[in-house]
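See below for data06.tsv, which holds TSV, C-alpha atoms.
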chain	number	residue	atom	x	y	z
A	1	VAL	CA	105.45	95.51	83.27
A	2	SER	CA	105.83	91.77	83.88
A	3	ALA	CA	103.25	89.04	83.45
A	4	GLN	CA	102.84	88.99	87.21
A	5	ASP	CA	101.97	92.71	87.14
A	6	THR	CA	99.16	92.17	84.62
A	7	LEU	CA	97.69	89.11	86.34
A	8	THR	CA	93.89	89.29	86.08
A	9	LEU	CA	91.81	89.06	89.25
A	10	PRO	CA	88.45	87.63	88.14
A	11	TYR	CA	87.08	86.88	91.62
A	12	SER	CA	85.86	89.59	93.96
A	13	VAL	CA	83.92	90.19	97.16
A	14	GLN	CA	82.22	93.48	98.01
A	15	GLY	CA	80.52	94.82	101.07
A	16	LYS	CA	80.30	97.31	103.92
A	17	VAL	CA	81.65	97.17	107.48
A	18	CYS	CA	79.77	98.87	110.31
A	19	ASP	CA	79.83	99.15	114.08
A	20	ALA	CA	77.48	96.51	115.50
A	21	GLY	CA	76.08	98.87	118.11
A	22	SER	CA	75.65	102.19	116.35
A	23	GLY	CA	75.46	101.02	112.73
A	24	ARG	CA	77.96	103.69	111.65
A	25	PRO	CA	80.46	102.72	108.93
A	26	ILE	CA	84.02	102.00	110.05
A	27	ARG	CA	86.90	103.42	108.04
A	28	SER	CA	90.28	101.73	107.47
A	29	VAL	CA	89.19	98.23	108.46
A	30	SER	CA	91.72	95.69	107.20
A	31	VAL	CA	90.00	93.28	104.78
A	32	SER	CA	92.02	90.23	103.72
A	33	MET	CA	91.57	86.89	102.00
A	34	THR	CA	92.15	83.96	104.33
A	35	GLY	CA	95.12	81.89	103.20
A	36	ARG	CA	96.45	84.48	100.72
A	37	TYR	CA	97.93	87.93	101.10
A	38	TYR	CA	95.35	89.73	98.96
A	39	ALA	CA	94.13	92.64	101.07
A	40	THR	CA	92.50	96.07	101.06
A	41	VAL	CA	90.89	98.50	103.53
A	42	THR	CA	87.44	100.04	103.82
A	43	ASN	CA	86.87	103.62	102.66
A	44	SER	CA	85.30	106.41	104.72
A	45	ASP	CA	81.85	104.93	103.95
A	46	GLY	CA	82.94	101.54	105.30
A	47	GLU	CA	82.83	99.99	101.83
A	48	PHE	CA	85.36	97.59	100.30
A	49	THR	CA	86.12	95.46	97.23
A	50	LEU	CA	88.55	92.56	97.55
A	51	LYS	CA	89.85	90.85	94.39
A	52	SER	CA	91.71	87.58	93.82
A	53	ASP	CA	92.97	85.29	91.07
A	54	THR	CA	91.37	82.28	92.87
A	55	PRO	CA	87.92	81.86	94.45
A	56	ILE	CA	87.59	83.67	97.77
A	57	ARG	CA	86.26	81.33	100.45
A	58	GLU	CA	86.73	83.38	103.62
A	59	VAL	CA	87.38	87.03	104.42
A	60	THR	CA	88.97	88.38	107.62
A	61	PHE	CA	88.08	91.82	109.01
A	62	SER	CA	90.17	93.52	111.70
A	63	HIS	CA	90.34	96.97	113.27
A	64	ILE	CA	91.73	98.42	116.47
A	65	GLY	CA	89.32	98.05	119.40
A	66	TYR	CA	87.07	95.53	117.58
A	67	ARG	CA	86.88	91.76	117.61
A	68	THR	CA	88.47	90.28	114.51
A	69	ALA	CA	85.88	88.49	112.36
A	70	THR	CA	86.44	85.78	109.75
A	71	LEU	CA	83.36	85.17	107.61
A	72	PRO	CA	82.43	83.09	104.58
A	73	ALA	CA	82.64	85.07	101.35
A	74	SER	CA	79.40	85.84	99.53
A	75	SER	CA	78.52	86.50	95.92
A	76	ARG	CA	76.20	89.26	97.16
A	77	PRO	CA	77.36	92.48	98.85
A	78	MET	CA	78.29	91.60	102.43
A	79	ARG	CA	77.09	93.54	105.48
A	80	VAL	CA	79.67	93.03	108.24
A	81	ASP	CA	78.98	94.23	111.78
A	82	LEU	CA	82.04	94.37	114.03
A	83	SER	CA	81.61	94.30	117.79
A	84	PRO	CA	83.87	96.24	120.16
A	85	ASP	CA	86.33	93.98	121.93
A	86	ALA	CA	84.88	94.16	125.42
A	87	GLU	CA	86.86	91.36	127.08
A	88	PRO	CA	87.82	92.32	130.65
A	89	ILE	CA	91.29	93.84	131.01
A	90	MET	CA	93.20	93.57	134.27
A	91	GLY	CA	94.69	97.05	134.15
A	92	ALA	CA	96.93	96.66	137.19
A	93	VAL	CA	98.64	93.70	135.54
A	94	VAL	CA	98.88	94.53	131.85
A	95	THR	CA	99.69	98.23	132.18
A	96	SER	CA	102.60	97.77	134.59
A	97	GLY	CA	106.13	98.37	133.42
A	98	ASN	CA	108.46	101.13	132.32
A	99	PRO	CA	107.33	102.48	128.93
A	100	LEU	CA	110.91	103.11	127.78
A	101	ASN	CA	111.85	99.52	128.64
A	102	ILE	CA	108.81	98.26	126.69
A	103	VAL	CA	109.70	100.28	123.58
A	104	THR	CA	113.37	99.26	123.88
A	105	ALA	CA	112.38	95.58	124.12
A	106	ALA	CA	110.20	96.00	121.01
A	107	ILE	CA	113.12	97.55	119.12
A	108	GLU	CA	115.37	94.64	120.08
A	109	LYS	CA	112.73	92.20	118.78
A	110	ILE	CA	112.47	93.82	115.33
A	111	PRO	CA	114.76	91.21	113.68
A	112	ASP	CA	112.50	88.44	115.04
A	113	ASN	CA	109.13	90.05	114.32
A	114	TYR	CA	109.65	91.51	110.84
A	115	ALA	CA	110.74	90.11	107.50
A	116	ASP	CA	114.29	88.72	107.63
A	117	THR	CA	114.47	88.58	103.83
A	118	SER	CA	113.85	91.21	101.17
A	119	GLU	CA	110.29	91.52	99.86
A	120	LEU	CA	108.55	93.03	96.85
A	121	LEU	CA	105.13	94.44	97.71
A	122	LYS	CA	102.28	95.54	95.46
A	123	CYS	CA	100.49	98.64	96.69
A	124	PHE	CA	97.54	100.86	95.88
A	125	TYR	CA	98.16	104.54	96.54
A	126	ARG	CA	95.81	107.55	96.46
A	127	GLU	CA	96.36	111.28	96.92
A	128	THR	CA	93.53	113.77	97.30
A	129	VAL	CA	93.64	117.53	97.80
A	130	GLN	CA	90.67	119.60	98.95
A	131	LYS	CA	90.34	123.37	98.94
A	132	ARG	CA	88.06	123.99	101.87
A	133	GLN	CA	85.39	121.28	101.30
A	134	ARG	CA	85.86	120.92	97.53
A	135	TYR	CA	88.17	118.38	95.89
A	136	ILE	CA	90.62	119.95	93.45
A	137	GLN	CA	92.93	116.98	92.79
A	138	VAL	CA	92.67	113.17	92.82
A	139	THR	CA	95.67	111.00	91.92
A	140	GLU	CA	95.83	107.20	92.12
A	141	ALA	CA	98.50	104.61	91.39
A	142	VAL	CA	99.38	100.95	91.62
A	143	ALA	CA	103.04	100.61	92.54
A	144	LYS	CA	105.50	97.99	93.58
A	145	VAL	CA	107.84	98.60	96.51
A	146	TYR	CA	111.08	96.77	97.18
A	147	LYS	CA	111.71	96.42	100.92
A	148	PRO	CA	115.06	95.11	102.18
A	149	SER	CA	115.20	92.82	105.20
A	150	TYR	CA	114.50	94.58	108.50
A	151	SER	CA	117.73	93.09	109.84
A	152	ASN	CA	119.61	94.89	107.03
A	153	TRP	CA	120.65	98.36	108.16
A	154	LEU	CA	120.91	99.64	104.56
A	155	HIS	CA	117.97	101.80	103.38
A	156	ASN	CA	118.06	100.74	99.72
A	157	GLY	CA	114.32	100.39	99.24
A	158	ARG	CA	112.78	101.56	95.97
A	159	ALA	CA	109.31	102.10	94.51
A	160	ALA	CA	108.13	101.98	90.89
A	161	LEU	CA	104.83	102.91	89.27
A	162	LEU	CA	102.87	100.21	87.43
A	163	LYS	CA	99.79	102.25	86.56
A	164	SER	CA	98.55	105.70	87.55
A	165	ARG	CA	95.98	108.38	86.75
A	166	THR	CA	95.17	111.89	87.90
A	167	LEU	CA	92.44	114.50	87.71
A	168	VAL	CA	93.17	118.13	88.57
A	169	SER	CA	90.82	121.10	88.67
A	170	SER	CA	91.15	123.30	85.59
A	171	ARG	CA	90.10	126.41	87.48
A	172	LYS	CA	93.00	128.82	87.72
A	173	ARG	CA	92.10	129.88	91.24
A	174	ASP	CA	92.38	126.25	92.38
A	175	THR	CA	96.00	125.95	91.31
A	176	LEU	CA	98.12	124.74	94.22
A	177	SER	CA	101.83	125.13	93.50
A	178	VAL	CA	103.19	123.40	96.57
A	179	LYS	CA	104.83	119.98	96.62
A	180	PHE	CA	104.92	117.65	99.60
A	181	LEU	CA	106.98	114.65	100.54
A	182	GLY	CA	104.86	111.74	99.40
A	183	GLY	CA	104.17	109.37	96.54
A	184	PRO	CA	104.62	105.59	96.83
A	185	THR	CA	107.98	106.13	98.52
A	186	ILE	CA	106.14	106.80	101.81
A	187	ALA	CA	106.22	103.02	102.28
A	188	ILE	CA	110.00	103.37	102.43
A	189	ASN	CA	110.68	106.77	103.95
A	190	MET	CA	107.98	106.67	106.65
A	191	ASP	CA	108.32	103.06	107.77
A	192	PHE	CA	109.76	103.96	111.17
A	193	ILE	CA	110.46	100.30	111.96
A	194	LYS	CA	113.00	100.28	109.13
A	195	VAL	CA	114.09	103.93	109.31
A	196	ARG	CA	114.68	103.76	113.05
A	197	GLU	CA	116.78	106.92	113.30
A	198	ALA	CA	113.61	108.95	112.63
A	199	LEU	CA	112.02	107.87	115.92
A	200	LEU	CA	113.15	104.54	117.38
A	201	ASP	CA	116.83	105.29	117.82
A	202	ARG	CA	117.78	105.43	121.52
A	203	ASN	CA	119.07	109.01	121.12
A	204	GLU	CA	115.74	110.01	119.55
A	205	LEU	CA	113.68	108.35	122.27
A	206	ASN	CA	115.57	110.39	124.87
A	207	LEU	CA	113.93	113.49	123.33
A	208	TYR	CA	110.48	112.29	124.36
A	209	ARG	CA	108.43	111.78	127.47
A	210	LEU	CA	106.86	108.31	127.37
A	211	GLU	CA	103.72	107.30	129.26
A	212	LEU	CA	101.92	103.97	129.42
A	213	GLY	CA	98.23	104.25	128.53
A	214	SER	CA	95.32	101.83	128.71
A	215	PRO	CA	95.89	98.60	126.73
A	216	VAL	CA	93.86	97.90	123.59
A	217	TYR	CA	93.02	94.88	121.47
A	218	ILE	CA	94.34	94.76	117.90
A	219	ASP	CA	93.56	91.66	115.81
A	220	GLY	CA	92.37	89.92	118.96
A	221	LYS	CA	95.66	90.46	120.80
A	222	LEU	CA	96.32	92.72	123.76
A	223	ASN	CA	98.65	95.64	123.03
A	224	PHE	CA	100.55	98.12	125.13
A	225	ALA	CA	99.72	101.74	124.23
A	226	VAL	CA	102.78	103.93	124.77
A	227	HIS	CA	102.06	107.65	124.44
A	228	LEU	CA	104.91	109.97	123.49
A	229	ARG	CA	105.35	113.72	123.43
A	230	PRO	CA	108.37	116.00	122.92
A	231	ASN	CA	110.48	116.63	125.99
A	232	ALA	CA	113.40	118.52	124.43
A	233	VAL	CA	114.19	121.42	122.12
A	234	VAL	CA	116.02	120.46	118.91
A	235	ASP	CA	116.45	121.96	115.44
A	236	TYR	CA	113.85	119.71	113.79
A	237	ALA	CA	110.21	118.85	114.42
A	238	LEU	CA	109.37	115.97	116.78
A	239	TYR	CA	106.17	113.93	117.11
A	240	ASN	CA	103.22	113.46	119.41
A	241	GLY	CA	101.38	110.16	119.30
A	242	THR	CA	100.98	106.54	120.38
A	243	LEU	CA	102.95	103.37	119.70
A	244	TYR	CA	101.02	100.09	119.96
A	245	ILE	CA	103.07	97.02	120.93
A	246	ASP	CA	101.84	93.43	121.11
A	247	GLN	CA	102.22	92.23	124.72
A	248	GLU	CA	103.30	88.70	123.76
A	249	SER	CA	105.60	89.17	120.75
A	250	PHE	CA	106.63	92.78	121.48
A	251	ALA	CA	105.97	93.65	117.85
A	252	PHE	CA	105.02	97.19	116.87
A	253	THR	CA	101.53	96.73	115.40
A	254	ARG	CA	100.41	100.33	114.88
A	255	MET	CA	101.76	103.88	115.06
A	256	ASP	CA	99.52	106.93	115.30
A	257	LEU	CA	101.70	110.05	115.11
A	258	SER	CA	101.38	113.77	114.45
A	259	LEU	CA	104.11	116.31	113.86
A	260	ASP	CA	104.66	118.85	116.63
A	261	LEU	CA	103.53	122.16	115.07
A	262	ARG	CA	104.56	124.54	117.83
A	263	ASP	CA	107.49	125.70	115.69
A	264	GLU	CA	105.91	126.41	112.29
A	265	VAL	CA	109.26	126.79	110.52
A	266	LEU	CA	110.53	123.38	111.63
A	267	ALA	CA	107.23	121.69	110.83
A	268	THR	CA	107.14	123.23	107.35
A	269	ARG	CA	110.70	122.10	106.68
A	270	ALA	CA	109.73	118.51	107.56
A	271	ILE	CA	106.82	118.18	105.13
A	272	LEU	CA	107.13	120.77	102.36
A	273	ARG	CA	109.31	120.09	99.34
A	274	LYS	CA	108.62	123.19	97.22
A	275	LYS	CA	106.51	126.36	97.15
A	276	PRO	CA	106.48	129.54	95.03
A	277	ALA	CA	108.26	132.62	96.31
A	278	GLY	CA	105.81	134.93	98.04
A	279	LEU	CA	103.45	132.16	99.16
A	280	GLN	CA	103.03	131.86	102.91
A	281	PHE	CA	102.45	128.32	104.15
A	282	HIS	CA	100.89	127.64	107.56
A	283	PRO	CA	100.65	123.95	108.64
A	284	LYS	CA	97.63	123.05	110.81
A	285	GLU	CA	98.01	119.24	110.96
A	286	ALA	CA	100.56	116.70	109.76
A	287	SER	CA	99.69	113.22	110.97
A	288	ILE	CA	100.46	109.66	109.92
A	289	LEU	CA	98.82	106.35	110.73
A	290	ILE	CA	100.87	103.19	110.13
A	291	ASN	CA	99.34	99.72	110.51
A	292	PHE	CA	101.38	96.52	110.45
A	293	ARG	CA	99.77	93.20	109.59
A	294	GLU	CA	100.82	89.79	110.90
A	295	ASP	CA	101.22	87.04	108.33
A	296	ASP	CA	102.67	83.63	109.20
A	297	GLY	CA	104.42	84.94	112.31
A	298	LYS	CA	105.97	87.99	110.64
A	299	TYR	CA	104.73	91.58	110.54
A	300	ARG	CA	104.84	93.85	107.51
A	301	LEU	CA	103.29	97.12	106.44
A	302	GLY	CA	99.56	96.85	105.84
A	303	TYR	CA	98.22	100.40	105.55
A	304	MET	CA	99.49	103.98	105.80
A	305	ARG	CA	97.60	107.27	105.80
A	306	ALA	CA	99.18	110.73	105.94
A	307	THR	CA	96.93	113.74	106.51
A	308	MET	CA	97.98	117.36	106.11
A	309	ARG	CA	95.88	120.44	106.76
A	310	PHE	CA	97.33	123.83	105.96
A	311	ASP	CA	96.55	127.43	104.99
A	312	CYS	CA	98.13	129.26	102.08
A	313	ASP	CA	98.05	132.97	101.36
A	314	TRP	CA	99.93	135.32	99.08
A	315	ARG	CA	101.53	138.42	100.51
A	316	LYS	CA	99.31	141.50	100.36
A	317	ARG	CA	96.15	139.35	100.14
A	318	LEU	CA	93.63	139.47	102.93
A	319	LEU	CA	92.05	136.00	102.63
A	320	LYS	CA	93.70	132.66	103.30
A	321	SER	CA	92.79	129.44	101.50
A	322	SER	CA	92.49	126.26	103.58
A	323	TYR	CA	93.57	122.92	102.14
A	324	THR	CA	93.51	119.27	103.18
A	325	SER	CA	95.76	116.67	101.60
A	326	VAL	CA	95.33	112.94	102.29
A	327	ASN	CA	97.76	110.31	101.03
A	328	GLU	CA	96.93	106.68	101.73
A	329	MET	CA	98.48	103.39	100.72
A	330	VAL	CA	97.44	99.78	101.25
A	331	ILE	CA	99.64	96.74	100.63
A	332	THR	CA	97.47	94.55	98.42
A	333	ASP	CA	99.73	91.62	97.50
A	334	LEU	CA	103.20	90.09	97.69
A	335	TYR	CA	105.32	89.09	94.72
A	336	PRO	CA	106.73	85.54	94.89
A	337	GLN	CA	110.25	86.81	94.20
A	338	ALA	CA	111.80	89.96	95.67
A	339	GLU	CA	113.68	91.42	92.75
A	340	GLN	CA	115.30	94.82	93.28
A	341	ILE	CA	113.75	97.62	91.20
A	342	PRO	CA	116.24	99.01	88.64
A	343	ARG	CA	117.41	102.48	89.56
A	344	GLN	CA	116.23	103.93	86.23
A	345	ASP	CA	112.66	102.69	86.91
A	346	ALA	CA	112.47	103.91	90.51
A	347	PHE	CA	110.14	106.71	91.60
A	348	ARG	CA	112.29	109.54	92.93
A	349	PRO	CA	111.41	111.56	96.05
A	350	THR	CA	111.82	114.75	94.00
A	351	GLU	CA	109.14	113.67	91.50
A	352	SER	CA	105.46	114.55	91.70
A	353	LEU	CA	103.02	111.72	91.06
A	354	SER	CA	100.34	114.05	89.68
A	355	ASP	CA	102.80	115.32	87.05
A	356	MET	CA	103.54	111.77	85.84
A	357	ALA	CA	100.11	110.14	85.86
A	358	ASP	CA	97.65	109.73	82.97
A	359	LEU	CA	94.26	111.49	82.94
A	360	PHE	CA	91.05	109.89	84.26
A	361	THR	CA	89.44	108.45	81.11
A	362	ASP	CA	89.11	104.65	81.15
A	363	THR	CA	86.19	103.43	83.31
A	364	GLU	CA	87.83	99.97	83.56
A	365	PHE	CA	91.15	101.43	84.67
A	366	TRP	CA	91.42	99.45	87.92
A	367	LYS	CA	89.69	96.28	86.72
A	368	ASP	CA	92.54	93.93	87.63
A	369	TYR	CA	93.72	95.50	90.89
A	370	ASN	CA	92.72	95.63	94.53
A	371	ILE	CA	91.95	99.24	95.37
A	372	ILE	CA	90.58	101.35	98.19
A	373	GLU	CA	87.02	101.95	97.04
A	374	PRO	CA	86.28	105.66	96.46
A	375	SER	CA	83.81	107.14	98.93
A	376	THR	CA	80.52	108.55	97.66
A	377	SER	CA	81.83	112.10	98.13
A	378	LEU	CA	84.99	111.28	96.18
A	379	GLU	CA	82.99	109.75	93.30
A	380	HIS	CA	80.91	112.93	93.09
A	381	ALA	CA	84.08	115.03	93.16
A	382	VAL	CA	85.60	113.04	90.29
A	383	ASP	CA	82.44	113.55	88.22
A	384	LYS	CA	82.58	117.31	88.84
A	385	LEU	CA	86.26	117.52	87.93
A	386	LYS	CA	85.65	115.60	84.72
A	387	ARG	CA	82.98	118.09	83.68
A	388	GLN	CA	85.24	121.12	84.12

How does the structure come out when it is put into structure tokens?
Amino acid sequence: VSAQDTLTLPYSVQGKVCDAGSGRPIRSVSVSMTGRYYATVTNSDGEFTLKSDTPIREVTFSHIGYRTATLPASSRPMRVDLSPDAEPIMGAVVTSGNPLNIVTAAIEKIPDNYADTSELLKCFYRETVQKRQRYIQVTEAVAKVYKPSYSNWLHNGRAALLKSRTLVSSRKRDTLSVKFLGGPTIAINMDFIKVREALLDRNELNLYRLELGSPVYIDGKLNFAVHLRPNAVVDYALYNGTLYIDQESFAFTRMDLSLDLRDEVLATRAILRKKPAGLQFHPKEASILINFREDDGKYRLGYMRATMRFDCDWRKRLLKSSYTSVNEMVITDLYPQAEQIPRQDAFRPTESLSDMADLFTDTEFWKDYNIIEPSTSLEHAVDKLKRQ
């Protein structure tokens, strides 16, 4: 771990973000320090903590469908009310066009809109697993991710753990012996702007029916909303979802996708890495949200969240167990120099983060890092797991 990795962050801002009309908390709001790349997102309770190595003067809050707000930082917990972006939209004008041509134009603009040099990102990553409504596993990590230039066709990105911890239920009946594709490498493997053959290749796009939906505001800018759904039969699972594309720059700003589950075998093959013999696995949801954040005219990954719901049952048993797994990652900082991660230090797709992480013990574990604040329900779950 380098000196840059252990840099202390003595300044912080805390608060809660809510809808100005209803007062309900807003999840996954992007919270960033004006003038620096330090960033985080709000948890399911709308709460956030943003940390920095220099005093925080202003904080910017942005979320799809809301007006972006930049406010002075406060030493007291901030209450931020975001208003829906209700500017009039001339639908006949901004929704015209062929959706395939719009997506194709956005693909052609990738070299202009995304980093043209390699970057080294610092990330906070969290995995949670629930059995029905009860948490049975919580795993967290700070990682660094090497991302090659988006104009470089090679997929030689790597991720490495800096610090991690896990807490797993000790109850035998809670044991879940299935392994999913995940870990900090999701910032590499599921960045569809970089791994274009997974979705944005012209041959792949021909497998979908594209429709132009109502435009939306993201970060104060009007975006096309292109809906896609499978329109072909192939030997792997396709996606349903929406691609959001900035109408001026033609940058992909957000992707909201879910795996097509009509063929359970193909869907399982796409997400499941390992399961015991005799265990029947039934996927109910496999979705991913990818947000890109603009910084100095270039877009890069800001936040990712993968959600999986599934049932498991053993042969000859009558009752199924329902599970929910949520993996989320936020890009919290940029390193000044993009040094490639040595192969021997890289996190491998075949590894399980929960098997490598330390146990939850140190209350100051995340003192010097930007993190996604745990929700109240998650804090209670951690306390229960510690007492087992």

Env of stretch 192-199 of chain A: 10 Å cut, atoms = all atoms listed in the file, seq-sep filter 2 positions within chain, self excluded. Answer as a PyMOL selection string. chain A and resi 107+110+114+147-155+157+187-190+201-208+238-239+251-252+255+290+292+300-301

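Pairwise distance (atom CA of A:Pro77, atom CA of A:Lys51) equals 13.4 Å.
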
Considering only C-alpha atoms, return as a PDB file with C-alpha atoms, in the frame of the given file whatever protein or nucleic-acid residues lie within 12 Å of stretch 262-272 of chain A, sequence-local ones (same chain, fewer than 6 positions apart) excluded.
ATOM      1  CA  SER A 177     101.830 125.130  93.500  1.00  0.00           C
ATOM      2  CA  VAL A 178     103.190 123.400  96.570  1.00  0.00           C
ATOM      3  CA  LYS A 179     104.830 119.980  96.620  1.00  0.00           C
ATOM      4  CA  PHE A 180     104.920 117.650  99.600  1.00  0.00           C
ATOM      5  CA  LEU A 181     106.980 114.650 100.540  1.00  0.00           C
ATOM      6  CA  GLY A 182     104.860 111.740  99.400  1.00  0.00           C
ATOM      7  CA  ILE A 186     106.140 106.800 101.810  1.00  0.00           C
ATOM      8  CA  MET A 190     107.980 106.670 106.650  1.00  0.00           C
ATOM      9  CA  ALA A 198     113.610 108.950 112.630  1.00  0.00           C
ATOM     10  CA  PRO A 230     108.370 116.000 122.920  1.00  0.00           C
ATOM     11  CA  VAL A 233     114.190 121.420 122.120  1.00  0.00           C
ATOM     12  CA  VAL A 234     116.020 120.460 118.910  1.00  0.00           C
ATOM     13  CA  ASP A 235     116.450 121.960 115.440  1.00  0.00           C
ATOM     14  CA  TYR A 236     113.850 119.710 113.790  1.00  0.00           C
ATOM     15  CA  ALA A 237     110.210 118.850 114.420  1.00  0.00           C
ATOM     16  CA  LEU A 238     109.370 115.970 116.780  1.00  0.00           C
ATOM     17  CA  TYR A 239     106.170 113.930 117.110  1.00  0.00           C
ATOM     18  CA  ASN A 240     103.220 113.460 119.410  1.00  0.00           C
ATOM     19  CA  GLN A 280     103.030 131.860 102.910  1.00  0.00           C
ATOM     20  CA  PHE A 281     102.450 128.320 104.150  1.00  0.00           C
ATOM     21  CA  HIS A 282     100.890 127.640 107.560  1.00  0.00           C
ATOM     22  CA  PRO A 283     100.650 123.950 108.640  1.00  0.00           C
ATOM     23  CA  LYS A 284      97.630 123.050 110.810  1.00  0.00           C
ATOM     24  CA  GLU A 285      98.010 119.240 110.960  1.00  0.00           C
ATOM     25  CA  ALA A 286     100.560 116.700 109.760  1.00  0.00           C
ATOM     26  CA  SER A 287      99.690 113.220 110.970  1.00  0.00           C
ATOM     27  CA  ILE A 288     100.460 109.660 109.920  1.00  0.00           C
ATOM     28  CA  ALA A 306      99.180 110.730 105.940  1.00  0.00           C
ATOM     29  CA  THR A 307      96.930 113.740 106.510  1.00  0.00           C
ATOM     30  CA  MET A 308      97.980 117.360 106.110  1.00  0.00           C
ATOM     31  CA  ARG A 309      95.880 120.440 106.760  1.00  0.00           C
ATOM     32  CA  PHE A 310      97.330 123.830 105.960  1.00  0.00           C
ATOM     33  CA  ASP A 311      96.550 127.430 104.990  1.00  0.00           C
ATOM     34  CA  SER A 325      95.760 116.670 101.600  1.00  0.00           C
ATOM     35  CA  PRO A 349     111.410 111.560  96.050  1.00  0.00           C
ATOM     36  CA  THR A 350     111.820 114.750  94.000  1.00  0.00           C
TER      37      THR A 350
END

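Taking atom CA of A:Arg134 and atom CA of A:Ser164 as the two end points, the separation is 22.2 Å.
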
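Across the structure, atom CA of A:Gly97 and atom CA of A:Gly241 are spaced 19.0 Å apart.
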
Measuring between only C-alpha atoms, which one of A:Thr361, A:Thr242, A:Gln340, A:Asn223 shows the shortest distance to A:Arg387? A:Thr361

Tell me which protein, DNA and RNA residues are within 6 Å of A:Phe48, counting all atoms listed in the file, leaving out same-chain ones fewer than 5 positions away, and put them as JSON, numbers by chain. {"A": [14, 15, 42, 373]}
